[in-house]
Amino acid sequence: MELWQEMLRQSVDSAKDLVERFGFDTETAEKLNKLFHIRINPYYLSLIRYPNDPIWRQCIPDAIELQDEKAPEDPLNEEADSPVPSITHRYPDRVLFLITSQCSMYCRFCTRKRKVSDSTKINAKFIQRGLEYIAAHPEIRDVIISGGDPLMVTDYALEKVLAGLREIPHVEIIRLGTKMPCVLPQRITTKLCRMLKKYHPLYVNTHFNHPWECTPEAERACNMLADVGIPVGNQAVLMKGVNDSADVMLELHRKLLKMRVRPYYIYQADLTKGTNHFRTPVRVGLEIMDKLRGHTSGLAIPYYVIDAPGGGGKIPLLPQYVLGRNGKDILLRNYKYEIYTYPDVEDATVEQHPVERKYMRKHQNGRRKSVSVPNSAEGTEEKVLVEQAPVGQVVK
Ligand code: SF4
């Protein structure tokens, strides 16, 4: 048995453990374990510094989860885009391929908790059907292997999936979505990396949410992946009491770059049942992005996205940098809130999408205002008409 497998066996993984180690009453512990199974491996547990700290909040259940009954179990409506049980086919050229329901730590905020930890919903017998679906759809050029955590399966089982995908000529790139470098970095072994590098082009997207997760062990794991030529990206989730401050996000993203991990997304928390206490206003995410851009390297800046409820896909959100137009000039503000004008090129071919035009006509009437802006060339001020920012955007 490998070290990571031995560590998994020592996980906190029952209602009884919650009662004995964290002082829960038995009834609450059992209800929480039923809502979403508990598993915390000893490595991740060792990162907790004090009760209710940002690590604790991600892995130790909270009785407040039981009060959140209205939120959906499948907020992104993945089931509607699932032609076979292991596949979600939402975007034209790529699919999500689920190969296991298991994870080395069950994150209390998990979006896919309706399936995760339940081996009747994702398991090995669905893998062949997934491969057949991908082979039958030549438009699929990008496969994201996920779960659960795909690195919960053995190297042998994972290699069978990778080899099966590489036999399909139209699959150009393969991505692995795994939280292991963060939650159980001992899973990244020399043997695993030697196997993975046979299946390039291969990318890894991992999932760090807080700078305390950027430990020497995690750094070692990320470096091992990078050393075999695998670009590693990070997808963080914005969560109240975990990382809802610009200082924490700045530190996290700077540390990730030092570990050779490229920040990719910050997700607004989804509306998943039992996770409402993690949600933050969109304003918080926009303020964080506002305090990242310009204040640190562009390499450290991810996209801030909302995965649209009901299955609309990822929608990027940005603080407002374009303030409006003054004739031909575009009014812009920089990260220091200094206003600049950019003389745009006249372009008669640019047209608004009909849906956008209709929406703007309906919603933007009366939302323009006149503001004074400095004319730096002449040292004067002039009045210009600018569009007001939509609700929630950062305008100072
Ligand atoms: S590792 Fe990913 S799939 Fe597993 S519980 Fe955490 S968020 Fe969910």
# chains A, B, ... in the order shown; residues from 1 in each chain; ligands from 1
>>> select_by_dssp(residues="stretch 44-155 of chain A", states="alpha helix (DSSP H)", output="mmCIF file with C-alpha atoms, in the first residue's frame")
data_model
loop_
_atom_site.group_PDB
_atom_site.id
_atom_site.type_symbol
_atom_site.label_atom_id
_atom_site.label_comp_id
_atom_site.auth_asym_id
_atom_site.auth_seq_id
_atom_site.Cartn_x
_atom_site.Cartn_y
_atom_site.Cartn_z
ATOM 1 C CA TYR A 44 -5.490 18.190 5.729
ATOM 2 C CA LEU A 45 -6.609 17.918 9.342
ATOM 3 C CA PRO A 54 -10.382 28.889 7.154
ATOM 4 C CA ILE A 55 -9.205 25.274 6.944
ATOM 5 C CA TRP A 56 -11.678 24.055 9.567
ATOM 6 C CA ARG A 57 -14.587 25.735 7.778
ATOM 7 C CA GLN A 58 -13.826 23.859 4.561
ATOM 8 C CA CYS A 59 -13.738 20.384 6.057
ATOM 9 C CA ILE A 127 -16.203 4.543 -17.663
ATOM 10 C CA GLN A 128 -16.511 2.399 -20.784
ATOM 11 C CA ARG A 129 -19.794 4.119 -21.701
ATOM 12 C CA GLY A 130 -18.068 7.477 -21.277
ATOM 13 C CA LEU A 131 -15.227 6.463 -23.599
ATOM 14 C CA GLU A 132 -17.726 5.188 -26.183
ATOM 15 C CA TYR A 133 -19.671 8.479 -26.049
ATOM 16 C CA ILE A 134 -16.493 10.530 -26.562
ATOM 17 C CA ALA A 135 -15.366 8.280 -29.436
ATOM 18 C CA ASP A 155 -2.277 4.638 -11.232
#
>>> residues_near_ligand(ligand="ligand 1", cutoff="8 Å", atoms="only C-alpha atoms and all ligand atoms", output="list in words")
Ser101, Gln102, Cys103, Ser104, Met105, Tyr106, Cys107, Arg108, Phe109, Cys110, Thr111, Arg112, Lys113, Val116, Ser117, Ser146, Gly147, Gly148, Asp149, Thr178, Lys179, Met180 and His207 of chain A
>>> closest_residue(among="A:Asn276, A:Ile188, A:Tyr43, A:Lys16", to="A:Glu69", atoms="only C-alpha atoms")
A:Asn276
>>> residues_around(residues="A:Thr280", least_positions_apart="6", cutoff="9 Å", atoms="only C-alpha atoms", output="list in words")
Leu238, Met239, Lys240, Asp244, Gln268 and Ala269 of chain A
>>> write_last_selection(atoms="C-alpha atoms", output="PDB file, in the first residue's frame")
ATOM      1  CA  LEU A 238     -14.821  32.492  -2.960  1.00  0.00           C
ATOM      2  CA  MET A 239     -16.173  31.702   0.505  1.00  0.00           C
ATOM      3  CA  LYS A 240     -17.241  33.683   3.536  1.00  0.00           C
ATOM      4  CA  ASP A 244     -13.400  36.712   1.267  1.00  0.00           C
ATOM      5  CA  GLN A 268     -18.579  32.695  -6.976  1.00  0.00           C
ATOM      6  CA  ALA A 269     -19.980  30.020  -4.612  1.00  0.00           C
TER       7      ALA A 269
END
>>> atom_distance(atom1="atom CA of A:Ile145", atom2="atom CA of A:Ile99")
7.0 Å
>>> residues_around(residues="A:Leu286", least_positions_apart="3", cutoff="12 Å", atoms="only C-alpha atoms", output="compact mmCIF listing (two decimals) with C-alpha atoms, in the first residue's frame")
# COMPACT_ATOMS: atom_id res chain seq x y z
CA LEU A 238 -14.82 32.49 -2.96
CA ASP A 244 -13.40 36.71 1.27
CA SER A 245 -10.73 39.39 1.57
CA ALA A 246 -8.38 40.93 -0.96
CA ILE A 266 -12.17 32.38 -8.71
CA TYR A 267 -15.69 30.96 -8.64
CA GLN A 268 -18.58 32.69 -6.98
CA THR A 280 -20.73 36.25 -0.32
CA PRO A 281 -22.25 39.22 -2.17
CA VAL A 282 -20.95 39.58 -5.75
CA ARG A 283 -19.66 43.00 -4.68
CA MET A 289 -10.56 41.61 -8.36
CA ASP A 290 -10.25 45.39 -8.19
CA LYS A 291 -7.56 45.06 -5.54
CA LEU A 292 -5.63 42.40 -7.46
CA ARG A 293 -5.47 44.01 -10.91
CA TYR A 303 -10.96 35.19 -13.96
CA TYR A 304 -13.76 35.82 -11.49
CA VAL A 305 -16.78 33.84 -12.75
CA ILE A 306 -20.31 32.93 -11.85
CA PRO A 316 -16.86 36.32 -16.25
CA LEU A 317 -17.29 39.43 -14.09
CA LEU A 318 -14.98 42.43 -14.05
CA PRO A 319 -14.90 45.66 -12.10
CA GLN A 320 -15.88 48.54 -14.39
CA TYR A 321 -12.86 49.96 -16.18
CA VAL A 391 -25.75 46.66 -9.84
CA GLY A 392 -22.87 45.24 -7.82
CA GLN A 393 -20.03 46.61 -9.91
CA VAL A 394 -17.25 48.56 -8.31
CA VAL A 395 -17.45 52.29 -9.05
>>> atom_distance(atom1="atom CA of A:Ile87", atom2="atom CA of A:Gly274")
24.7 Å
>>> closest_residue(among="A:Ile48, A:Leu257, A:Ala308, A:Ile40", to="A:Pro231", atoms="only C-alpha atoms")
A:Leu257
>>> residues_around(residues="A:Pro75", least_positions_apart="2", cutoff="9 Å", atoms="only C-alpha atoms", output="ChimeraX atom specification")
/A:71-73,77-78,111-112,270-273,308-311
>>> write_last_selection(atoms="N, CA and C atoms", output="tab-separated table (two decimals), in the first residue's frame")
chain	number	residue	atom	x	y	z
A	71	ALA	N	-32.08	25.27	-1.23
A	71	ALA	CA	-31.15	25.31	-2.37
A	71	ALA	C	-31.20	23.97	-3.13
A	72	PRO	N	-30.95	24.04	-4.44
A	72	PRO	CA	-31.03	22.81	-5.24
A	72	PRO	C	-29.85	21.87	-5.00
A	73	GLU	N	-30.05	20.60	-5.36
A	73	GLU	CA	-28.95	19.64	-5.24
A	73	GLU	C	-28.03	19.70	-6.46
A	77	ASN	N	-27.40	22.31	-13.04
A	77	ASN	CA	-28.22	21.49	-13.94
A	77	ASN	C	-27.36	20.58	-14.82
A	78	GLU	N	-26.36	19.96	-14.22
A	78	GLU	CA	-25.45	19.09	-14.98
A	78	GLU	C	-26.18	17.86	-15.51
A	111	THR	N	-20.00	21.42	-4.88
A	111	THR	CA	-21.15	21.64	-5.77
A	111	THR	C	-21.77	20.32	-6.24
A	112	ARG	N	-20.93	19.30	-6.29
A	112	ARG	CA	-21.40	18.02	-6.85
A	112	ARG	C	-21.68	17.00	-5.75
A	270	ASP	N	-21.53	28.44	-5.60
A	270	ASP	CA	-22.80	28.02	-6.21
A	270	ASP	C	-23.90	27.91	-5.15
A	271	LEU	N	-25.13	27.77	-5.65
A	271	LEU	CA	-26.30	27.70	-4.75
A	271	LEU	C	-26.59	26.25	-4.37
A	272	THR	N	-25.60	25.56	-3.85
A	272	THR	CA	-25.81	24.14	-3.54
A	272	THR	C	-26.39	23.96	-2.15
A	273	LYS	N	-27.28	23.01	-2.05
A	273	LYS	CA	-27.92	22.71	-0.76
A	273	LYS	C	-26.87	22.52	0.36
A	308	ALA	N	-23.46	30.08	-14.12
A	308	ALA	CA	-24.86	30.53	-14.09
A	308	ALA	C	-25.79	29.42	-13.60
A	309	PRO	N	-26.63	29.74	-12.60
A	309	PRO	CA	-27.58	28.73	-12.09
A	309	PRO	C	-28.44	28.19	-13.23
A	310	GLY	N	-28.68	26.89	-13.20
A	310	GLY	CA	-29.54	26.28	-14.22
A	310	GLY	C	-28.77	25.80	-15.43
A	311	GLY	N	-27.46	26.07	-15.50
A	311	GLY	CA	-26.69	25.49	-16.60
A	311	GLY	C	-26.28	26.46	-17.69
>>> select_by_dssp(residues="stretch 101-346 of chain A", states="strand (DSSP E or B)", output="ChimeraX atom specification")
/A:105,142-146,173-177,202-206,232-238,261-268,293,296,303-308,313-317,322-326,329-333,339-343
>>> closest_atom_pairs(of="stretch 174-243 of chain A", to="stretch 162-168 of chain A", cutoff="9 Å", atoms="only C-alpha atoms", output="JSON lines")
{"residue": "A:Ile174", "atom": "CA", "partner": "A:Leu162", "partner_atom": "CA", "distance": 8.2}
{"residue": "A:Leu196", "atom": "CA", "partner": "A:Leu162", "partner_atom": "CA", "distance": 8.4}
{"residue": "A:Tyr199", "atom": "CA", "partner": "A:Leu162", "partner_atom": "CA", "distance": 6.8}
>>> decode(residues="stretch 47-85 of chain A", atoms="N, CA and C atoms", output="PDB file, in the first residue's frame")
ATOM      1  N   LEU A  47      -3.590  20.835   9.046  1.00  0.00           N
ATOM      2  CA  LEU A  47      -3.443  22.249   8.658  1.00  0.00           C
ATOM      3  C   LEU A  47      -4.324  23.183   9.503  1.00  0.00           C
ATOM      4  N   ILE A  48      -5.271  22.596  10.250  1.00  0.00           N
ATOM      5  CA  ILE A  48      -6.145  23.428  11.096  1.00  0.00           C
ATOM      6  C   ILE A  48      -5.306  24.042  12.219  1.00  0.00           C
ATOM      7  N   ARG A  49      -5.487  25.359  12.432  1.00  0.00           N
ATOM      8  CA  ARG A  49      -4.720  26.031  13.496  1.00  0.00           C
ATOM      9  C   ARG A  49      -5.584  26.311  14.722  1.00  0.00           C
ATOM     10  N   TYR A  50      -6.880  26.605  14.495  1.00  0.00           N
ATOM     11  CA  TYR A  50      -7.792  26.843  15.621  1.00  0.00           C
ATOM     12  C   TYR A  50      -9.221  26.602  15.122  1.00  0.00           C
ATOM     13  N   PRO A  51     -10.159  26.356  16.073  1.00  0.00           N
ATOM     14  CA  PRO A  51     -11.533  26.059  15.656  1.00  0.00           C
ATOM     15  C   PRO A  51     -12.111  27.174  14.782  1.00  0.00           C
ATOM     16  N   ASN A  52     -12.797  26.753  13.746  1.00  0.00           N
ATOM     17  CA  ASN A  52     -13.490  27.659  12.822  1.00  0.00           C
ATOM     18  C   ASN A  52     -12.542  28.509  11.976  1.00  0.00           C
ATOM     19  N   ASP A  53     -11.292  28.109  11.878  1.00  0.00           N
ATOM     20  CA  ASP A  53     -10.369  28.856  11.001  1.00  0.00           C
ATOM     21  C   ASP A  53     -10.684  28.495   9.537  1.00  0.00           C
ATOM     22  N   PRO A  54     -10.013  29.118   8.569  1.00  0.00           N
ATOM     23  CA  PRO A  54     -10.382  28.889   7.154  1.00  0.00           C
ATOM     24  C   PRO A  54     -10.223  27.447   6.681  1.00  0.00           C
ATOM     25  N   ILE A  55      -9.357  26.688   7.324  1.00  0.00           N
ATOM     26  CA  ILE A  55      -9.205  25.274   6.944  1.00  0.00           C
ATOM     27  C   ILE A  55     -10.343  24.468   7.564  1.00  0.00           C
ATOM     28  N   TRP A  56     -10.587  24.713   8.838  1.00  0.00           N
ATOM     29  CA  TRP A  56     -11.678  24.055   9.567  1.00  0.00           C
ATOM     30  C   TRP A  56     -12.991  24.225   8.810  1.00  0.00           C
ATOM     31  N   ARG A  57     -13.289  25.465   8.407  1.00  0.00           N
ATOM     32  CA  ARG A  57     -14.587  25.735   7.778  1.00  0.00           C
ATOM     33  C   ARG A  57     -14.789  24.928   6.489  1.00  0.00           C
ATOM     34  N   GLN A  58     -13.692  24.603   5.823  1.00  0.00           N
ATOM     35  CA  GLN A  58     -13.826  23.859   4.561  1.00  0.00           C
ATOM     36  C   GLN A  58     -14.079  22.368   4.762  1.00  0.00           C
ATOM     37  N   CYS A  59     -13.652  21.847   5.929  1.00  0.00           N
ATOM     38  CA  CYS A  59     -13.738  20.384   6.057  1.00  0.00           C
ATOM     39  C   CYS A  59     -14.590  19.883   7.227  1.00  0.00           C
ATOM     40  N   ILE A  60     -14.723  20.675   8.288  1.00  0.00           N
ATOM     41  CA  ILE A  60     -15.521  20.212   9.422  1.00  0.00           C
ATOM     42  C   ILE A  60     -16.969  20.661   9.203  1.00  0.00           C
ATOM     43  N   PRO A  61     -17.933  19.747   9.310  1.00  0.00           N
ATOM     44  CA  PRO A  61     -19.322  20.149   9.077  1.00  0.00           C
ATOM     45  C   PRO A  61     -19.785  21.199  10.086  1.00  0.00           C
ATOM     46  N   ASP A  62     -20.819  21.934   9.679  1.00  0.00           N
ATOM     47  CA  ASP A  62     -21.393  22.965  10.547  1.00  0.00           C
ATOM     48  C   ASP A  62     -22.898  22.704  10.605  1.00  0.00           C
ATOM     49  N   ALA A  63     -23.463  22.760  11.815  1.00  0.00           N
ATOM     50  CA  ALA A  63     -24.897  22.462  11.957  1.00  0.00           C
ATOM     51  C   ALA A  63     -25.760  23.371  11.089  1.00  0.00           C
ATOM     52  N   ILE A  64     -25.249  24.540  10.732  1.00  0.00           N
ATOM     53  CA  ILE A  64     -26.023  25.484   9.901  1.00  0.00           C
ATOM     54  C   ILE A  64     -26.353  24.871   8.522  1.00  0.00           C
ATOM     55  N   GLU A  65     -25.565  23.879   8.091  1.00  0.00           N
ATOM     56  CA  GLU A  65     -25.844  23.220   6.794  1.00  0.00           C
ATOM     57  C   GLU A  65     -27.257  22.634   6.769  1.00  0.00           C
ATOM     58  N   LEU A  66     -27.717  22.200   7.942  1.00  0.00           N
ATOM     59  CA  LEU A  66     -29.016  21.519   8.017  1.00  0.00           C
ATOM     60  C   LEU A  66     -30.188  22.478   7.849  1.00  0.00           C
ATOM     61  N   GLN A  67     -29.893  23.787   7.996  1.00  0.00           N
ATOM     62  CA  GLN A  67     -30.985  24.770   7.855  1.00  0.00           C
ATOM     63  C   GLN A  67     -31.203  25.199   6.406  1.00  0.00           C
ATOM     64  N   ASP A  68     -30.277  24.830   5.532  1.00  0.00           N
ATOM     65  CA  ASP A  68     -30.341  25.290   4.143  1.00  0.00           C
ATOM     66  C   ASP A  68     -31.056  24.232   3.300  1.00  0.00           C
ATOM     67  N   GLU A  69     -32.396  24.268   3.353  1.00  0.00           N
ATOM     68  CA  GLU A  69     -33.142  23.190   2.699  1.00  0.00           C
ATOM     69  C   GLU A  69     -33.624  23.535   1.301  1.00  0.00           C
ATOM     70  N   LYS A  70     -33.689  24.850   1.014  1.00  0.00           N
ATOM     71  CA  LYS A  70     -34.316  25.236  -0.263  1.00  0.00           C
ATOM     72  C   LYS A  70     -33.377  25.124  -1.459  1.00  0.00           C
ATOM     73  N   ALA A  71     -32.078  25.273  -1.232  1.00  0.00           N
ATOM     74  CA  ALA A  71     -31.152  25.308  -2.368  1.00  0.00           C
ATOM     75  C   ALA A  71     -31.197  23.972  -3.132  1.00  0.00           C
ATOM     76  N   PRO A  72     -30.947  24.040  -4.440  1.00  0.00           N
ATOM     77  CA  PRO A  72     -31.029  22.807  -5.245  1.00  0.00           C
ATOM     78  C   PRO A  72     -29.853  21.870  -5.002  1.00  0.00           C
ATOM     79  N   GLU A  73     -30.052  20.603  -5.358  1.00  0.00           N
ATOM     80  CA  GLU A  73     -28.949  19.643  -5.239  1.00  0.00           C
ATOM     81  C   GLU A  73     -28.028  19.705  -6.462  1.00  0.00           C
ATOM     82  N   ASP A  74     -28.598  20.147  -7.581  1.00  0.00           N
ATOM     83  CA  ASP A  74     -27.820  20.200  -8.825  1.00  0.00           C
ATOM     84  C   ASP A  74     -27.921  21.620  -9.375  1.00  0.00           C
ATOM     85  N   PRO A  75     -27.254  22.591  -8.750  1.00  0.00           N
ATOM     86  CA  PRO A  75     -27.479  23.995  -9.103  1.00  0.00           C
ATOM     87  C   PRO A  75     -27.074  24.326 -10.533  1.00  0.00           C
ATOM     88  N   LEU A  76     -26.138  23.580 -11.096  1.00  0.00           N
ATOM     89  CA  LEU A  76     -25.674  23.894 -12.449  1.00  0.00           C
ATOM     90  C   LEU A  76     -26.402  23.068 -13.504  1.00  0.00           C
ATOM     91  N   ASN A  77     -27.402  22.306 -13.040  1.00  0.00           N
ATOM     92  CA  ASN A  77     -28.217  21.493 -13.945  1.00  0.00           C
ATOM     93  C   ASN A  77     -27.358  20.577 -14.820  1.00  0.00           C
ATOM     94  N   GLU A  78     -26.364  19.958 -14.217  1.00  0.00           N
ATOM     95  CA  GLU A  78     -25.455  19.094 -14.984  1.00  0.00           C
ATOM     96  C   GLU A  78     -26.179  17.864 -15.514  1.00  0.00           C
ATOM     97  N   GLU A  79     -27.197  17.415 -14.750  1.00  0.00           N
ATOM     98  CA  GLU A  79     -27.895  16.187 -15.169  1.00  0.00           C
ATOM     99  C   GLU A  79     -28.559  16.369 -16.537  1.00  0.00           C
ATOM    100  N   ALA A  80     -29.026  17.602 -16.816  1.00  0.00           N
ATOM    101  CA  ALA A  80     -29.710  17.844 -18.099  1.00  0.00           C
ATOM    102  C   ALA A  80     -28.750  17.689 -19.277  1.00  0.00           C
ATOM    103  N   ASP A  81     -27.462  17.896 -19.029  1.00  0.00           N
ATOM    104  CA  ASP A  81     -26.470  17.790 -20.105  1.00  0.00           C
ATOM    105  C   ASP A  81     -25.663  16.499 -19.984  1.00  0.00           C
ATOM    106  N   SER A  82     -26.284  15.478 -19.393  1.00  0.00           N
ATOM    107  CA  SER A  82     -25.553  14.234 -19.136  1.00  0.00           C
ATOM    108  C   SER A  82     -26.117  13.089 -19.983  1.00  0.00           C
ATOM    109  N   PRO A  83     -25.566  12.876 -21.190  1.00  0.00           N
ATOM    110  CA  PRO A  83     -26.113  11.851 -22.086  1.00  0.00           C
ATOM    111  C   PRO A  83     -25.881  10.431 -21.581  1.00  0.00           C
ATOM    112  N   VAL A  84     -24.762  10.216 -20.863  1.00  0.00           N
ATOM    113  CA  VAL A  84     -24.508   8.934 -20.176  1.00  0.00           C
ATOM    114  C   VAL A  84     -24.037   9.309 -18.769  1.00  0.00           C
ATOM    115  N   PRO A  85     -24.162   8.401 -17.786  1.00  0.00           N
ATOM    116  CA  PRO A  85     -23.955   8.820 -16.397  1.00  0.00           C
ATOM    117  C   PRO A  85     -22.597   9.467 -16.093  1.00  0.00           C
TER     118      PRO A  85
END
